[in-house]
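Next up, my_file.txt (compact mmCIF, C-alpha atoms):
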```
# COMPACT_ATOMS: atom_id res chain seq x y z
CA MET A 1 3.33 15.27 1.08
CA VAL A 2 4.84 18.02 3.14
CA ASP A 3 2.39 20.49 1.62
CA ARG A 4 -0.57 18.92 3.35
CA GLU A 5 0.99 19.90 6.66
CA LEU A 6 1.32 23.49 5.57
CA VAL A 7 -1.86 24.10 3.63
CA VAL A 8 -4.93 24.90 5.70
CA THR A 9 -8.29 23.96 4.18
CA GLU A 10 -11.49 25.94 4.45
CA ASP A 11 -12.97 23.09 6.49
CA GLU A 12 -10.18 23.60 8.99
CA LEU A 13 -10.96 27.29 9.20
CA HIS A 14 -14.56 26.49 10.08
CA ALA A 15 -13.44 23.88 12.57
CA TYR A 16 -11.09 26.46 14.09
CA VAL A 17 -13.91 28.97 14.55
CA ASP A 18 -16.27 26.31 15.92
CA GLY A 19 -13.78 24.77 18.34
CA GLU A 20 -13.71 21.49 16.41
CA LEU A 21 -10.12 21.66 15.26
CA PRO A 22 -7.79 18.92 16.54
CA PRO A 23 -5.35 20.63 18.95
CA ASP A 24 -2.33 19.60 16.88
CA ARG A 25 -3.58 21.72 13.96
CA ARG A 26 -4.20 24.85 15.91
CA GLU A 27 -0.75 26.28 15.49
CA ALA A 28 -0.73 25.57 11.76
CA VAL A 29 -4.05 27.39 11.33
CA GLU A 30 -2.90 30.39 13.33
CA THR A 31 0.31 30.60 11.36
CA TRP A 32 -1.70 30.39 8.17
CA LEU A 33 -4.07 33.15 9.24
CA ALA A 34 -1.19 35.43 10.14
CA ALA A 35 0.11 35.03 6.60
CA HIS A 36 -3.17 35.14 4.69
CA ALA A 37 -5.07 38.35 5.25
CA ASP A 38 -8.07 37.32 3.14
CA ASP A 39 -8.68 34.19 5.19
CA ASN A 40 -8.09 36.14 8.36
CA LEU A 41 -10.84 38.56 7.31
CA ARG A 42 -13.19 35.70 6.52
CA VAL A 43 -12.64 34.14 9.91
CA ALA A 44 -13.27 37.50 11.54
CA ALA A 45 -16.49 37.88 9.55
CA TRP A 46 -17.68 34.44 10.65
CA ARG A 47 -17.00 35.36 14.26
CA THR A 48 -19.00 38.54 13.83
CA GLN A 49 -21.87 36.45 12.46
CA ILE A 50 -21.71 34.15 15.47
CA GLU A 51 -21.82 37.08 17.85
CA ALA A 52 -24.73 38.65 15.98
CA LEU A 53 -26.73 35.41 16.01
CA ARG A 54 -26.12 34.85 19.70
CA ALA A 55 -26.98 38.44 20.51
CA ARG A 56 -30.19 38.21 18.47
CA TYR A 57 -31.50 34.85 19.70
CA GLY A 58 -29.51 33.84 22.77
CA ASP A 59 -31.94 35.46 25.18
CA ALA A 60 -34.81 33.27 24.01
CA ALA A 61 -33.36 30.51 26.17
CA ASN A 62 -33.46 32.72 29.26
CA GLU A 63 -37.07 33.75 28.97
CA PRO A 64 -39.52 32.07 31.32
CA VAL A 65 -41.07 29.05 29.63
CA PRO A 66 -44.74 29.75 28.88
CA ALA A 67 -47.33 27.59 30.60
CA ARG A 68 -48.40 25.87 27.42
CA LEU A 69 -44.95 24.32 27.11
CA ALA A 70 -44.86 22.91 30.64
CA LEU A 71 -44.61 19.14 30.39
CA ASP A 72 -47.36 18.40 32.90
CA ARG A 73 -49.60 20.73 30.96
CA ILE A 74 -48.86 18.88 27.74
CA THR A 75 -49.75 15.62 29.47
CA THR A 76 -52.93 17.18 30.84
CA ARG A 77 -53.89 18.44 27.43
CA ARG A 78 -53.80 14.94 26.08
CA ARG A 79 -56.00 13.67 28.88
CA LYS A 80 -58.55 16.40 28.36
CA TRP A 81 -58.95 15.29 24.79
CA ILE A 82 -60.32 11.95 25.87
CA GLY A 83 -63.39 13.70 27.25
CA VAL A 84 -64.23 15.21 23.91
CA ALA A 85 -63.21 12.24 21.83
CA ALA A 86 -66.76 11.33 20.98
CA ALA A 87 -67.18 14.64 19.25
CA ALA A 88 -63.81 14.51 17.56
CA THR A 89 -63.72 15.31 13.88
CA ILE A 90 -61.04 14.84 11.28
CA ALA A 91 -60.03 18.43 11.81
CA ALA A 92 -59.70 17.91 15.53
CA PHE A 93 -57.49 14.90 15.01
CA VAL A 94 -55.30 16.68 12.55
CA ILE A 95 -55.03 19.85 14.57
CA GLY A 96 -54.79 17.98 17.84
CA GLY A 97 -52.01 15.83 16.51
CA ALA A 98 -50.91 13.61 19.31
CA ALA A 99 -54.04 14.48 21.22
CA GLY A 100 -55.96 12.46 18.70
CA TRP A 101 -53.67 9.56 19.26
CA PHE A 102 -54.52 9.34 22.91
CA ALA A 103 -58.14 10.14 22.43
CA ARG A 104 -58.36 7.31 19.99
CA GLY A 105 -58.30 4.64 22.66
CA ALA A 106 -61.32 6.10 24.33
CA SER A 107 -63.18 6.75 21.13
CA ALA A 108 -63.94 3.19 20.11
CA ALA A 109 -67.61 4.09 20.01
CA ALA A 110 -67.03 7.39 18.28
CA PRO A 111 -68.65 7.81 14.89
CA ASN A 112 -65.39 8.67 13.18
CA GLU A 113 -63.43 5.59 14.02
CA PHE A 114 -62.02 5.35 10.54
CA ASP A 115 -60.85 8.90 10.76
CA ALA A 116 -59.05 8.04 13.95
CA PHE A 117 -57.31 5.10 12.32
CA THR A 118 -56.35 7.03 9.24
CA SER A 119 -55.23 9.92 11.40
CA ASP A 120 -52.93 7.60 13.33
CA ALA A 121 -51.63 6.18 10.10
CA VAL A 122 -51.11 9.58 8.54
CA ASP A 123 -49.41 10.88 11.68
CA ALA A 124 -47.02 7.97 11.58
CA HIS A 125 -46.50 8.59 7.87
CA ARG A 126 -45.66 12.25 8.52
CA LEU A 127 -43.26 11.40 11.27
CA TYR A 128 -41.29 8.71 9.50
CA VAL A 129 -41.18 9.55 5.82
CA VAL A 130 -38.94 12.51 6.56
CA GLU A 131 -36.54 10.33 8.52
CA VAL A 132 -33.33 9.79 6.64
CA ARG A 133 -31.42 7.66 9.09
CA HIS A 134 -34.10 5.58 10.78
CA PRO A 135 -37.22 5.55 8.64
CA VAL A 136 -37.80 1.95 9.66
CA GLU A 137 -36.84 -0.33 12.53
CA VAL A 138 -36.29 -3.37 10.37
CA PRO A 139 -35.00 -2.87 6.81
CA ALA A 140 -36.32 -4.67 3.76
CA ALA A 141 -33.13 -6.74 3.65
CA GLU A 142 -34.58 -8.58 6.65
CA ALA A 143 -38.07 -8.74 5.22
CA SER A 144 -38.84 -12.25 6.42
CA HIS A 145 -37.80 -11.37 9.94
CA LEU A 146 -39.84 -8.17 9.73
CA VAL A 147 -42.96 -10.01 8.67
CA GLN A 148 -42.51 -12.71 11.32
CA TRP A 149 -41.95 -10.17 14.03
CA LEU A 150 -44.92 -7.98 13.10
CA SER A 151 -47.14 -11.05 12.70
CA LYS A 152 -46.23 -12.25 16.15
CA ARG A 153 -46.91 -8.90 17.74
CA LEU A 154 -50.21 -8.40 15.92
CA ASN A 155 -51.18 -12.04 16.30
CA TYR A 156 -52.02 -12.00 12.62
CA GLN A 157 -50.24 -13.13 9.48
CA VAL A 158 -48.89 -9.79 8.28
CA ARG A 159 -47.67 -9.67 4.72
CA ALA A 160 -45.79 -6.95 2.91
CA PRO A 161 -47.40 -6.53 -0.52
CA ASP A 162 -45.01 -6.76 -3.45
CA LEU A 163 -45.35 -3.41 -5.21
CA GLU A 164 -42.37 -3.72 -7.56
CA SER A 165 -44.76 -4.00 -10.49
CA ILE A 166 -45.77 -0.38 -9.89
CA GLY A 167 -42.24 0.79 -9.19
CA LEU A 168 -42.18 0.70 -5.39
CA LYS A 169 -39.58 -1.03 -3.30
CA LEU A 170 -40.09 -2.03 0.30
CA VAL A 171 -37.92 0.10 2.62
CA GLY A 172 -38.86 -1.83 5.75
CA GLY A 173 -41.23 -1.59 8.65
CA ARG A 174 -41.92 -0.73 12.25
CA LEU A 175 -44.12 -1.74 15.09
CA LEU A 176 -46.32 1.09 16.35
CA PRO A 177 -48.83 1.40 19.17
CA GLY A 178 -52.31 0.62 17.90
CA PRO A 179 -55.70 1.29 19.46
CA ALA A 180 -56.30 0.45 23.12
CA GLY A 181 -52.86 -0.94 23.81
CA SER A 182 -52.76 -3.19 20.76
CA ALA A 183 -50.09 -3.14 18.10
CA ALA A 184 -49.98 -1.76 14.58
CA ALA A 185 -47.75 -2.76 11.68
CA PHE A 186 -46.22 0.00 9.60
CA LEU A 187 -44.57 -0.66 6.25
CA MET A 188 -42.73 1.86 4.12
CA TYR A 189 -42.19 1.80 0.36
CA GLU A 190 -40.10 4.05 -1.82
CA SER A 191 -40.28 4.96 -5.49
CA ALA A 192 -37.25 5.40 -7.73
CA THR A 193 -37.43 9.15 -7.15
CA GLY A 194 -37.54 8.80 -3.39
CA GLU A 195 -41.24 9.37 -2.81
CA ARG A 196 -42.34 7.40 0.19
CA PHE A 197 -45.62 5.62 0.81
CA THR A 198 -46.70 3.77 3.89
CA ILE A 199 -49.12 1.02 4.76
CA TYR A 200 -50.54 0.93 8.25
CA CYS A 201 -52.36 -2.10 9.55
CA THR A 202 -54.04 -2.73 12.87
CA ARG A 203 -56.88 -4.65 14.42
CA ALA A 204 -60.29 -3.02 14.00
CA ASN A 205 -63.64 -4.16 15.23
CA ALA A 206 -65.62 -2.85 12.28
CA PRO A 207 -67.58 -4.08 9.28
CA ASN A 208 -65.69 -4.61 6.03
CA THR A 209 -65.48 -1.65 3.70
CA ALA A 210 -64.28 -1.05 0.18
CA LEU A 211 -61.55 1.50 -0.49
CA ARG A 212 -62.26 4.91 0.92
CA PHE A 213 -60.27 8.07 0.43
CA ASN A 214 -59.46 10.95 2.73
CA THR A 215 -56.98 13.81 2.78
CA PHE A 216 -55.07 15.29 5.69
CA GLY A 217 -53.36 18.44 4.48
CA GLN A 218 -51.00 17.36 1.75
CA ILE A 219 -51.25 13.71 2.58
CA GLY A 220 -53.85 11.49 1.02
CA ALA A 221 -54.94 8.19 2.53
CA PHE A 222 -56.87 5.22 1.18
CA TYR A 223 -58.23 2.86 3.77
CA TRP A 224 -60.29 -0.27 3.94
CA VAL A 225 -61.38 -2.85 6.47
CA ASP A 226 -60.88 -6.52 5.72
CA GLY A 227 -61.87 -9.07 8.33
CA ASP A 228 -60.67 -7.83 11.70
CA PHE A 229 -58.12 -5.46 10.25
CA VAL A 230 -57.98 -1.95 8.93
CA PHE A 231 -55.40 -0.98 6.30
CA VAL A 232 -54.35 2.56 5.48
CA VAL A 233 -52.18 3.53 2.50
CA SER A 234 -50.76 7.06 2.85
CA GLY A 235 -48.68 9.26 0.62
CA GLU A 236 -48.16 12.78 -0.67
CA SER A 237 -48.96 11.87 -4.27
CA ASP A 238 -52.03 12.61 -6.32
CA ARG A 239 -55.11 10.52 -5.76
CA GLY A 240 -54.64 8.42 -8.90
CA THR A 241 -51.17 7.22 -7.92
CA LEU A 242 -52.30 6.48 -4.39
CA GLN A 243 -55.31 4.61 -5.63
CA LYS A 244 -53.13 2.39 -7.80
CA ILE A 245 -50.95 1.59 -4.81
CA ALA A 246 -53.97 0.96 -2.60
CA GLU A 247 -55.64 -1.29 -5.16
CA THR A 248 -52.50 -3.29 -5.80
CA SER A 249 -52.03 -3.78 -2.06
CA TYR A 250 -55.71 -4.51 -1.56
CA GLU A 251 -55.67 -7.21 -4.24
CA GLN A 252 -52.66 -8.95 -2.77
CA LEU A 253 -53.87 -8.77 0.80
CA GLU A 254 -57.36 -9.76 -0.24
CA THR A 255 -56.03 -12.76 -2.14
CA ARG A 256 -54.05 -13.76 0.86
CA SER A 257 -57.04 -13.74 3.20
CA THR A 258 -59.12 -15.62 0.66
CA ASN A 259 -56.41 -18.26 0.42
CA ARG A 260 -56.28 -18.52 4.14
CA ALA A 261 -60.03 -18.94 4.34
CA ARG A 262 -59.85 -21.70 1.75
CA GLY A 263 -56.94 -23.35 3.46
CA SER A 264 -58.53 -23.52 6.86
CA MET B 1 -41.16 12.29 36.47
CA GLY B 2 -38.73 9.85 34.89
CA SER B 3 -35.25 10.69 33.72
CA PHE B 4 -36.46 10.85 30.13
CA GLN B 5 -39.02 13.51 31.02
CA ARG B 6 -36.46 15.39 33.10
CA ASP B 7 -34.09 15.45 30.13
CA VAL B 8 -36.88 16.68 27.89
CA GLU B 9 -37.83 19.39 30.32
CA ALA B 10 -34.23 20.55 30.69
CA ALA B 11 -33.99 20.99 26.92
CA ILE B 12 -37.05 23.23 26.55
CA PRO B 13 -35.28 26.62 26.85
CA ALA B 14 -32.70 25.65 24.24
CA LEU B 15 -35.40 24.27 21.94
CA ARG B 16 -37.21 27.59 22.17
CA ARG B 17 -34.06 29.46 21.22
CA TYR B 18 -33.42 27.18 18.26
CA ALA B 19 -37.02 27.37 17.09
CA ARG B 20 -37.06 31.16 17.46
CA ALA B 21 -34.03 31.51 15.21
CA LEU B 22 -35.39 28.95 12.75
CA THR B 23 -38.76 30.64 12.36
CA ARG B 24 -37.97 34.26 13.33
CA ASP B 25 -41.38 34.37 14.98
CA SER B 26 -41.92 33.62 18.65
CA GLU B 27 -45.48 32.25 18.34
CA THR B 28 -44.59 29.93 15.49
CA ALA B 29 -41.48 28.93 17.38
CA ASP B 30 -43.39 27.94 20.51
CA ASP B 31 -45.90 26.04 18.36
CA LEU B 32 -43.02 24.05 16.96
CA VAL B 33 -41.61 23.39 20.41
CA GLN B 34 -45.02 22.30 21.65
CA ASP B 35 -45.44 19.88 18.74
CA THR B 36 -41.95 18.59 19.41
CA LEU B 37 -42.72 17.94 23.08
CA VAL B 38 -46.00 16.22 22.29
CA ARG B 39 -44.24 13.93 19.84
CA ALA B 40 -41.36 13.25 22.17
CA LEU B 41 -43.70 12.16 24.97
CA ARG B 42 -45.86 10.21 22.62
CA PHE B 43 -42.99 8.37 20.99
CA GLU B 44 -40.86 7.95 24.09
CA HIS B 45 -40.99 4.19 23.59
CA LEU B 46 -39.21 4.64 20.27
CA PHE B 47 -36.32 6.53 21.83
CA THR B 48 -33.46 4.09 21.67
CA GLY B 49 -31.01 5.77 23.98
CA GLY B 50 -28.30 8.33 23.34
CA GLU B 51 -28.80 12.03 23.82
CA VAL B 52 -32.39 13.09 24.43
CA ARG B 53 -31.35 16.58 23.40
CA SER B 54 -30.16 15.49 19.93
CA TRP B 55 -33.32 13.50 19.46
CA LEU B 56 -35.43 16.55 20.29
CA TYR B 57 -33.46 18.70 17.86
CA THR B 58 -34.08 16.05 15.21
CA ILE B 59 -37.84 16.05 15.80
CA LEU B 60 -38.00 19.83 15.78
CA THR B 61 -35.90 20.06 12.63
CA ASN B 62 -38.12 17.54 10.83
CA LEU B 63 -41.31 19.26 11.97
CA ASN B 64 -39.98 22.58 10.76
CA ARG B 65 -39.12 21.10 7.39
CA ASN B 66 -42.65 19.74 7.11
CA ARG B 67 -44.00 23.15 8.08
CA LEU B 68 -41.97 24.89 5.37
CA ARG B 69 -43.00 22.30 2.83
CA SER B 70 -46.65 22.79 3.54
CA LEU B 71 -46.21 26.56 3.47
CA ALA B 72 -44.49 26.31 0.13
CA ARG B 73 -47.31 24.02 -1.05
CA ARG B 74 -44.93 21.93 -3.01
CA PRO B 75 -43.50 18.72 -1.72
CA THR B 76 -40.35 18.59 -3.84
CA MET B 77 -37.02 20.10 -2.94
CA SER B 78 -35.89 23.22 -4.73
CA PRO B 79 -32.49 23.70 -6.28
CA ILE B 80 -29.87 24.76 -3.79
CA GLU B 81 -29.62 28.25 -5.25
CA ASP B 82 -33.27 28.84 -4.52
CA ASN B 83 -34.44 30.52 -1.38
CA ASP B 84 -37.31 28.20 -0.72
CA ALA B 85 -37.76 29.16 2.89
CA PRO B 86 -40.64 31.56 3.28
CA ASP B 87 -39.83 34.53 5.43
CA MET B 88 -41.90 34.12 8.56
CA SER B 89 -40.85 37.39 10.10
CA GLY B 90 -43.81 39.27 8.68
CA PRO B 91 -43.77 42.21 6.31
CA GLU B 92 -42.10 44.77 8.52
CA ALA B 93 -40.74 42.65 11.33
CA GLY B 94 -37.12 41.81 12.01
CA GLY B 95 -35.26 44.98 11.26
CA ARG B 96 -31.93 43.46 11.94
CA ASP B 97 -29.59 42.48 9.19
CA ILE B 98 -28.61 39.17 10.68
CA GLU B 99 -32.24 38.13 10.84
CA ARG B 100 -32.82 38.92 7.19
CA ALA B 101 -29.58 37.28 6.20
CA LEU B 102 -30.69 34.16 8.05
CA ALA B 103 -34.08 34.26 6.37
CA ALA B 104 -32.41 34.31 2.97
CA LEU B 105 -30.70 30.96 3.58
CA VAL B 106 -31.88 27.62 2.32
CA GLU B 107 -33.44 25.67 5.16
CA GLU B 108 -30.75 22.96 5.40
CA GLN B 109 -28.01 25.55 5.60
CA ARG B 110 -29.83 27.60 8.21
CA THR B 111 -30.43 24.50 10.29
CA ALA B 112 -26.79 23.43 10.13
CA LEU B 113 -25.51 26.89 11.02
CA LEU B 114 -27.89 27.38 13.95
CA LEU B 115 -27.25 23.96 15.43
CA VAL B 116 -23.50 24.60 15.41
CA VAL B 117 -23.35 28.27 16.29
CA LEU B 118 -26.38 28.83 18.50
CA GLU B 119 -26.95 25.39 20.01
CA GLY B 120 -23.32 24.34 20.28
CA LEU B 121 -23.78 20.91 18.75
CA SER B 122 -20.70 19.17 17.40
CA TYR B 123 -20.41 18.58 13.67
CA ARG B 124 -21.05 14.90 14.33
CA GLU B 125 -24.25 15.63 16.26
CA VAL B 126 -25.50 17.93 13.50
CA ALA B 127 -24.80 15.20 10.96
CA GLU B 128 -26.99 12.88 13.00
CA VAL B 129 -29.77 15.42 13.38
CA GLN B 130 -29.78 16.14 9.66
CA GLY B 131 -29.20 12.54 8.67
CA VAL B 132 -26.29 13.37 6.37
CA PRO B 133 -22.50 12.79 6.37
CA ILE B 134 -20.30 15.27 8.22
CA GLY B 135 -18.90 16.50 4.90
CA THR B 136 -22.39 17.63 3.93
CA VAL B 137 -22.76 19.48 7.22
CA MET B 138 -19.44 21.23 6.53
CA SER B 139 -20.48 22.34 3.07
CA ARG B 140 -23.83 23.58 4.35
CA LEU B 141 -22.05 25.52 7.05
CA ALA B 142 -19.59 26.97 4.54
CA ARG B 143 -22.34 28.04 2.17
CA ALA B 144 -24.40 29.53 4.97
CA ARG B 145 -21.47 31.60 6.17
CA ALA B 146 -20.49 32.70 2.70
CA GLN B 147 -24.03 33.73 1.89
CA ILE B 148 -24.55 35.63 5.12
CA LYS B 149 -21.26 37.41 4.58
CA ALA B 150 -22.26 38.35 1.04
CA TYR B 151 -25.63 39.51 2.30
CA LEU B 152 -24.15 41.66 5.05
CA ASP B 153 -21.53 43.01 2.64
CA GLY B 154 -24.36 44.43 0.59
CA GLU B 155 -24.73 41.96 -2.27
CA ARG B 156 -28.46 41.95 -1.95
CA PRO B 157 -29.92 44.66 -4.14
CA ALA B 158 -33.10 42.72 -4.79
CA LEU B 159 -33.81 42.32 -1.12
CA ARG B 160 -32.74 45.67 0.21
CA ARG B 161 -35.56 47.59 1.79
CA VAL B 162 -35.92 51.27 2.49
CA LYS B 163 -35.88 51.70 6.22
```
When written as structure tokens, how does the structure in this file appear?
Amino acid sequence: MVDRELVVTEDELHAYVDGELPPDRREAVETWLAAHADDNLRVAAWRTQIEALRARYGDAANEPVPARLALDRITTRRRKWIGVAAAATIAAFVIGGAAGWFARGASAAAPNEFDAFTSDAVDAHRLYVVEVRHPVEVPAAEASHLVQWLSKRLNYQVRAPDLESIGLKLVGGRLLPGPAGSAAAFLMYESATGERFTIYCTRANAPNTALRFNTFGQIGAFYWVDGDFVFVVSGESDRGTLQKIAETSYEQLETRSTNRARGS
Amino acid sequence: MGSFQRDVEAAIPALRRYARALTRDSETADDLVQDTLVRALRFEHLFTGGEVRSWLYTILTNLNRNRLRSLARRPTMSPIEDNDAPDMSGPEAGGRDIERALAALVEEQRTALLLVVLEGLSYREVAEVQGVPIGTVMSRLARARAQIKAYLDGERPALRRVK
């Protein structure tokens, strides 16, 4: 195929403009451009765009960085939050974002402990459901390893509920920091259309509760406490869908702990 | 300050530039950068090596996508022909053509173009940031450039404003 040597593709024209062209193709592209006025004009137009973009925004990188973006300030901000943790509300956790995360350790006695847990869970949900490459640390293909690993780190028999009956497949899971230096298990499920739901589980020193519901912006979360653990099911779906997922999970996890109680 | 934090700090000016071009609004841009830094520090233990800079671009890109989604109040993706990115430049702001042309792009295309042209990332790095194959980055780049060219050439009657 001699033609392939001669013909220059549009991809190569972009690569030429962006400095990504292999050196041995440079001459071919330049010869091509000399012979094809239309492509030559396009390349010139792209270069004009590049110059315009750099002229418009390039200076933003030379401006002095405002104080609120200084790293030590960002660290300080988190620390300050601990002082007001007792008064923290759902809104504060949502708006504070990571601040809530760090305040959470100090807020064990705070009235809104559940909100702190669900906020952590929802934050983790937000962060990871948009991940395409690394939504989980351990994929579902290694589910038994995942469950063993999380169980060991939580010192608790973690189980990934089987949600296939309601159309959800396990994507995998992660270990996350939990309250006060403990660990949290984080499991992700996906529907056939790519909607993602997560289950967050960590140790909680709190009385058992039935399912409760809360919303954080677009994300809804069902949570409950069972034994020493809190579970949070998060997703962007309507309440009914989420409730079905939460109930299915609840039943399976509940059954499991009942079995364990009987077995021991 | 550890080397991770030093790398993060060194990237702040470039992150501000990227965010400014993404949002066309300096306050919104610095909010995005701040959220990115908070997350980076908070999730440092999840950073598995490689380029801190690429990781930060990834966080910022994802946060911006979430921001646009919540602005649009609809979680699903729009067709590619749609301009689903709300114009954050305000009613009268941003008199320059390139800024409006950029605002008219679909978010994925704008992201790809800015990461290559403004931030100087390689195609491979952009593919990692966007979590797509390089071929997808190339087609986003091509569409972005074609659309900006069309826009600047005047094929935008619906959007043209009286100055």
* Using all atoms listed in the file, select each residue of chain B with any atom at most 7 Å away from an atom of chain A, and give the selection as a list in words. => Glu9, Pro13, Ala14, Arg16, Arg17, Ala21, Gln34, Val38, Arg39, Arg42, Asn62, Ile98, Val117, Leu118, Gly131, Met138, Arg145 and Lys149 of chain B
Export, as an mmCIF file, in the coordinates of the input, the selected residues with C-alpha atoms.
```cif
data_model
loop_
_atom_site.group_PDB
_atom_site.id
_atom_site.type_symbol
_atom_site.label_atom_id
_atom_site.label_comp_id
_atom_site.auth_asym_id
_atom_site.auth_seq_id
_atom_site.Cartn_x
_atom_site.Cartn_y
_atom_site.Cartn_z
ATOM 1 C CA GLU B 9 -37.830 19.390 30.320
ATOM 2 C CA PRO B 13 -35.280 26.620 26.850
ATOM 3 C CA ALA B 14 -32.700 25.650 24.240
ATOM 4 C CA ARG B 16 -37.210 27.590 22.170
ATOM 5 C CA ARG B 17 -34.060 29.460 21.220
ATOM 6 C CA ALA B 21 -34.030 31.510 15.210
ATOM 7 C CA GLN B 34 -45.020 22.300 21.650
ATOM 8 C CA VAL B 38 -46.000 16.220 22.290
ATOM 9 C CA ARG B 39 -44.240 13.930 19.840
ATOM 10 C CA ARG B 42 -45.860 10.210 22.620
ATOM 11 C CA ASN B 62 -38.120 17.540 10.830
ATOM 12 C CA ILE B 98 -28.610 39.170 10.680
ATOM 13 C CA VAL B 117 -23.350 28.270 16.290
ATOM 14 C CA LEU B 118 -26.380 28.830 18.500
ATOM 15 C CA GLY B 131 -29.200 12.540 8.670
ATOM 16 C CA MET B 138 -19.440 21.230 6.530
ATOM 17 C CA ARG B 145 -21.470 31.600 6.170
ATOM 18 C CA LYS B 149 -21.260 37.410 4.580
#
```
* Please indicate the distance in Å from atom CA of Trp224 of chain A to atom CA of Pro207 of chain A, rounded to one decimal place. =>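 Taking atom CA of Trp224 of chain A and atom CA of Pro207 of chain A, their separation equals 9.8 Å.
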* **Between atom CA of Leu32 of chain B and atom CA of Glu107 of chain B - distance in Å to one decimal** =>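 These atoms are spaced 15.3 Å apart.
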* Quick one, how far is atom CA of Glu119 of chain B from atom CA of Val136 of chain A? ->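 Straight-line distance from atom CA of Glu119 of chain B to atom CA of Val136 of chain A works out to 27.8 Å.
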Any idea what's packed within 9 Å of Cys201 of chain A, counting all atoms listed in the file, ignoring anything in its chain fewer than 2 positions away? Could you give it as an mmCIF file with C-alpha atoms, keeping the file's coordinate frame?
```
data_model
loop_
_atom_site.group_PDB
_atom_site.id
_atom_site.type_symbol
_atom_site.label_atom_id
_atom_site.label_comp_id
_atom_site.auth_asym_id
_atom_site.auth_seq_id
_atom_site.Cartn_x
_atom_site.Cartn_y
_atom_site.Cartn_z
ATOM 1 C CA ALA A 121 -51.630 6.180 10.100
ATOM 2 C CA VAL A 158 -48.890 -9.790 8.280
ATOM 3 C CA GLY A 178 -52.310 0.620 17.900
ATOM 4 C CA ALA A 183 -50.090 -3.140 18.100
ATOM 5 C CA ALA A 184 -49.980 -1.760 14.580
ATOM 6 C CA ALA A 185 -47.750 -2.760 11.680
ATOM 7 C CA PHE A 186 -46.220 0.000 9.600
ATOM 8 C CA LEU A 187 -44.570 -0.660 6.250
ATOM 9 C CA ILE A 199 -49.120 1.020 4.760
ATOM 10 C CA ARG A 203 -56.880 -4.650 14.420
ATOM 11 C CA PHE A 229 -58.120 -5.460 10.250
ATOM 12 C CA VAL A 230 -57.980 -1.950 8.930
ATOM 13 C CA PHE A 231 -55.400 -0.980 6.300
ATOM 14 C CA VAL A 232 -54.350 2.560 5.480
#
```
* To do: Could you give me, as a PyMOL selection string, the residues within 9 Å of Ser191 of chain A, counting only C-alpha atoms and dropping anything in the same chain fewer than 5 positions from it?
  => chain A and resi 166-169+196-197
* Between B:Leu63, B:Leu22, B:Leu152, B:Ile12, which has the minimum distance to Ala112 of chain B (counting only C-alpha atoms)? -> B:Leu22
If we count all atoms listed in the file and set the cut-off at 9 Å, which residues sit around Glu108 of chain B, ignoring sequence neighbours fewer than 2 positions away in its own chain? Please answer as a tab-separated table (two decimals) with C-alpha atoms, in the coordinates of the input.
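The resulting selection.tsv:
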```tsv
chain	number	residue	atom	x	y	z
B	65	ARG	CA	-39.12	21.10	7.39
B	105	LEU	CA	-30.70	30.96	3.58
B	106	VAL	CA	-31.88	27.62	2.32
B	110	ARG	CA	-29.83	27.60	8.21
B	111	THR	CA	-30.43	24.50	10.29
B	112	ALA	CA	-26.79	23.43	10.13
B	113	LEU	CA	-25.51	26.89	11.02
B	130	GLN	CA	-29.78	16.14	9.66
B	137	VAL	CA	-22.76	19.48	7.22
B	140	ARG	CA	-23.83	23.58	4.35
```
